[in-house]
Amino acid sequence: MTMFWPALTLFLLALAAGVHVRWRAVCRRQAALARAEHERLRSAHEAGRAEILSRQDALLNSMAEGILLLDQQGIIQLVNPAFSRLFGLGADVRNRTLMEALRAHELADLVTRARGGQPVLGHEFHLQSPHERWLEVNASAVVNGGGKVQGTVLVFHDVTRLKKLESARRDFVANVSHELRTPLSLIKGYVETLLDGASGQPEVAEKFLLTIARNTERLRLLMDDLLAISQLESGGARLQLGPVRLAGLAKKVCEDFQSRANPRQVTLVNAVPDLTVRADPDRLEQVLCNLLDNAIKYGREGGTVTVAARSLPNQEVEVSVSDDGPGIPRDSLERVFERFYRVDKARAREQGGTGLGLAIVKHIILSHSGRIWAESEAGHGATFRFTLSAGWKP
């Protein structure tokens, strides 16, 4: 019995040590599993956060509207690429104030209003540089769950094209009204005079009727040109493309306009070689007629108008109509293709043009995927050039 208790004691101690070792191993395994689970959750959280940020960046980068986010102190925290493009920003403007980054007092006032609890909707902001633009600005305060202002967000929508379209529409209506009013007033005045008794005087009546007929024709031409440009701009005019021999077409147009050139003693020269282009023959004839008519009317009396053409190396043909008149001012070279634009308004109205001829010419050439431009030096005449695709060999 004296040996039993010491042996039992040793056995129990060994058993306890074994249990303790196993318990420590289990604890270490559980701690390792806990650390692994924690790491997994942390990685999943980071991945989820990165994915959210990636989606946020993708969304902001793809937006056409400019986004500007300010913090509570008015410091820029975020801008998207569209905002940088609108304002021509080349450097990172984050961590700067709005005034430091843009020097725009008007936008700073909008931020103050928005932070004061007055959301700004549809405010028009005229941006002068780097390019003139009109922006529609919406601004609102960013608040937390407790209603405390945390910052301000501004959204910029570019409405420049809408502004230009609206301006073009107003100009178009004003110009058409003016162009209609003049001949209609003349027709009305002469008709009233005839009705008041002038019809009994044959010489006077004939003069008045000729004026009425001339202005009626002016109205018809204006209506035809308005219909033509409407069809061209809307894409409603279908082109009948085919091979067109330029020399023959130029000869026909020059012969048709000889009667208009004779009163001004203008010499028409057809210098077009035997080239073929791919074009709608009727539309191309309309282009040459408009350009030749302008050259005769606005060129030098007793001068020369030349129609020429040459092959270009990129499978194109360049056609030109030149005069040796007073020329076109440099600042008007781009604008001559605008509807109703006239370099010399008084002379243009005296000549009886509608102001739509060059706009029609431009749309016809663009519909052929060509280019058109004007060249001129003061006192050395003007040249209108356009390109067309080279056609099949005859």
# chains A, B, ... in the order shown; residues from 1 in each chain; ligands from 1
>>> select_by_dssp(residues="region 59-268 of chain A", states="strand (DSSP E or B)", output="ChimeraX atom specification")
/A:66-71,75-79,97,120-127,133-143,149-158,242-245,267-268
>>> residues_around(residues="Leu121 (chain A)", least_positions_apart="3", cutoff="8 Å", atoms="only C-alpha atoms", output="PyMOL selection string")
chain A and resi 137-139
>>> closest_residue(among="A:Glu124, A:His363, A:Ile67, A:Ala378", to="Arg330 (chain A)", atoms="only C-alpha atoms")
A:Ala378
>>> residues_around(residues="Lys252 (chain A)", least_positions_apart="5", cutoff="10 Å", atoms="only C-alpha atoms", output="short mmCIF file (atom, residue, chain, number, x, y, z; two decimals) with N, CA and C atoms, in the first residue's frame")
data_model
loop_
_atom_site.label_atom_id
_atom_site.label_comp_id
_atom_site.auth_asym_id
_atom_site.auth_seq_id
_atom_site.Cartn_x
_atom_site.Cartn_y
_atom_site.Cartn_z
N LEU A 246 -16.60 65.67 -114.61
CA LEU A 246 -16.58 67.07 -114.20
C LEU A 246 -16.51 68.05 -115.36
N ALA A 247 -15.70 67.75 -116.35
CA ALA A 247 -15.51 68.70 -117.45
C ALA A 247 -16.83 68.99 -118.16
N PHE A 257 -24.83 79.93 -117.36
CA PHE A 257 -24.64 81.20 -116.65
C PHE A 257 -24.03 82.30 -117.53
N ASN A 270 -13.65 77.66 -118.16
CA ASN A 270 -13.77 76.28 -117.70
C ASN A 270 -12.41 75.62 -117.85
N GLU A 285 -24.39 69.78 -109.54
CA GLU A 285 -24.72 70.91 -110.41
C GLU A 285 -25.25 72.08 -109.57
#
>>> closest_residue(among="A:Ile76, A:Val120, A:Val361, A:Ala32", to="Leu232 (chain A)", atoms="only C-alpha atoms")
A:Val361
>>> residues_around(residues="Gly357 (chain A)", least_positions_apart="2", cutoff="9 Å", atoms="only C-alpha atoms", output="number ranges by chain")
A: 225, 287, 290-291, 294, 337, 339-340, 353-355, 359-362
>>> closest_residue(among="A:Gly299, A:Gly200, A:Pro243, A:Gly248", to="Val321 (chain A)", atoms="only C-alpha atoms")
A:Gly299
>>> residues_around(residues="Thr383 (chain A)", least_positions_apart="2", cutoff="9 Å", atoms="only C-alpha atoms", output="list in words")
Ala295, Ser320, Val321, Ser322, Asp323, Asp324, Gly327, Trp373, Ala374, Glu375, Ser376, Gly381 and Arg385 of chain A
>>> write_last_selection(atoms="N, CA and C atoms", output="PDB file, in the first residue's frame")
ATOM      1  N   ALA A 295     -19.850  84.095-107.599  1.00  0.00           N
ATOM      2  CA  ALA A 295     -18.634  84.659-108.188  1.00  0.00           C
ATOM      3  C   ALA A 295     -18.956  85.738-109.212  1.00  0.00           C
ATOM      4  N   SER A 320     -12.553  73.909-107.655  1.00  0.00           N
ATOM      5  CA  SER A 320     -12.492  75.292-107.181  1.00  0.00           C
ATOM      6  C   SER A 320     -13.232  76.225-108.136  1.00  0.00           C
ATOM      7  N   VAL A 321     -13.801  77.284-107.566  1.00  0.00           N
ATOM      8  CA  VAL A 321     -14.429  78.369-108.325  1.00  0.00           C
ATOM      9  C   VAL A 321     -13.815  79.666-107.820  1.00  0.00           C
ATOM     10  N   SER A 322     -13.142  80.389-108.725  1.00  0.00           N
ATOM     11  CA  SER A 322     -12.386  81.579-108.323  1.00  0.00           C
ATOM     12  C   SER A 322     -12.872  82.811-109.080  1.00  0.00           C
ATOM     13  N   ASP A 323     -12.775  83.967-108.407  1.00  0.00           N
ATOM     14  CA  ASP A 323     -13.026  85.248-109.071  1.00  0.00           C
ATOM     15  C   ASP A 323     -11.861  86.178-108.753  1.00  0.00           C
ATOM     16  N   ASP A 324     -11.819  87.317-109.431  1.00  0.00           N
ATOM     17  CA  ASP A 324     -10.750  88.292-109.195  1.00  0.00           C
ATOM     18  C   ASP A 324     -11.325  89.613-108.683  1.00  0.00           C
ATOM     19  N   GLY A 327     -12.615  90.339-102.977  1.00  0.00           N
ATOM     20  CA  GLY A 327     -12.267  89.345-101.964  1.00  0.00           C
ATOM     21  C   GLY A 327     -13.170  89.375-100.752  1.00  0.00           C
ATOM     22  N   TRP A 373     -14.133  74.884 -98.187  1.00  0.00           N
ATOM     23  CA  TRP A 373     -13.568  76.035 -97.490  1.00  0.00           C
ATOM     24  C   TRP A 373     -13.389  77.180 -98.481  1.00  0.00           C
ATOM     25  N   ALA A 374     -13.141  78.366 -97.934  1.00  0.00           N
ATOM     26  CA  ALA A 374     -12.949  79.564 -98.752  1.00  0.00           C
ATOM     27  C   ALA A 374     -11.564  80.133 -98.490  1.00  0.00           C
ATOM     28  N   GLU A 375     -10.964  80.662 -99.539  1.00  0.00           N
ATOM     29  CA  GLU A 375      -9.670  81.333 -99.437  1.00  0.00           C
ATOM     30  C   GLU A 375      -9.792  82.709-100.083  1.00  0.00           C
ATOM     31  N   SER A 376      -9.150  83.704 -99.472  1.00  0.00           N
ATOM     32  CA  SER A 376      -9.245  85.044-100.049  1.00  0.00           C
ATOM     33  C   SER A 376      -8.194  85.958 -99.448  1.00  0.00           C
ATOM     34  N   GLY A 381      -9.479  88.818-104.955  1.00  0.00           N
ATOM     35  CA  GLY A 381     -10.501  87.836-105.273  1.00  0.00           C
ATOM     36  C   GLY A 381     -10.709  86.794-104.201  1.00  0.00           C
ATOM     37  N   ARG A 385     -13.205  76.206-102.531  1.00  0.00           N
ATOM     38  CA  ARG A 385     -12.713  74.877-102.880  1.00  0.00           C
ATOM     39  C   ARG A 385     -13.515  73.806-102.142  1.00  0.00           C
TER      40      ARG A 385
END
>>> residues_around(residues="Leu241 (chain A)", least_positions_apart="5", cutoff="10 Å", atoms="only C-alpha atoms", output="PyMOL selection string")
chain A and resi 277-283+368+391
>>> select_by_dssp(residues="region 73-264 of chain A", states="helix (DSSP H, G or I)", output="NGL selection string")
:A and (81-87 or 98-102 or 105-115 or 160-195 or 198-200 or 202-234 or 246-256 or 258-264)
>>> closest_residue(among="A:Leu194, A:Leu102, A:Ala82, A:Leu268", to="Asp158 (chain A)", atoms="only C-alpha atoms")
A:Ala82
>>> atom_distance(atom1="CA of Met223 (chain A)", atom2="CA of Asp171 (chain A)")
17.1 Å
>>> residues_around(residues="Gly117 (chain A)", least_positions_apart="4", cutoff="8 Å", atoms="only C-alpha atoms", output="count of residues only")
3
>>> atom_distance(atom1="CA of Pro183 (chain A)", atom2="CA of Pro202 (chain A)")
22.6 Å
>>> closest_residue(among="A:Asn144, A:Ser259, A:Ser389, A:Gln265", to="Gln315 (chain A)", atoms="only C-alpha atoms")
A:Ser389
>>> closest_residue(among="A:Val149, A:Val191, A:Leu219, A:Leu41", to="Gly116 (chain A)", atoms="only C-alpha atoms")
A:Val149
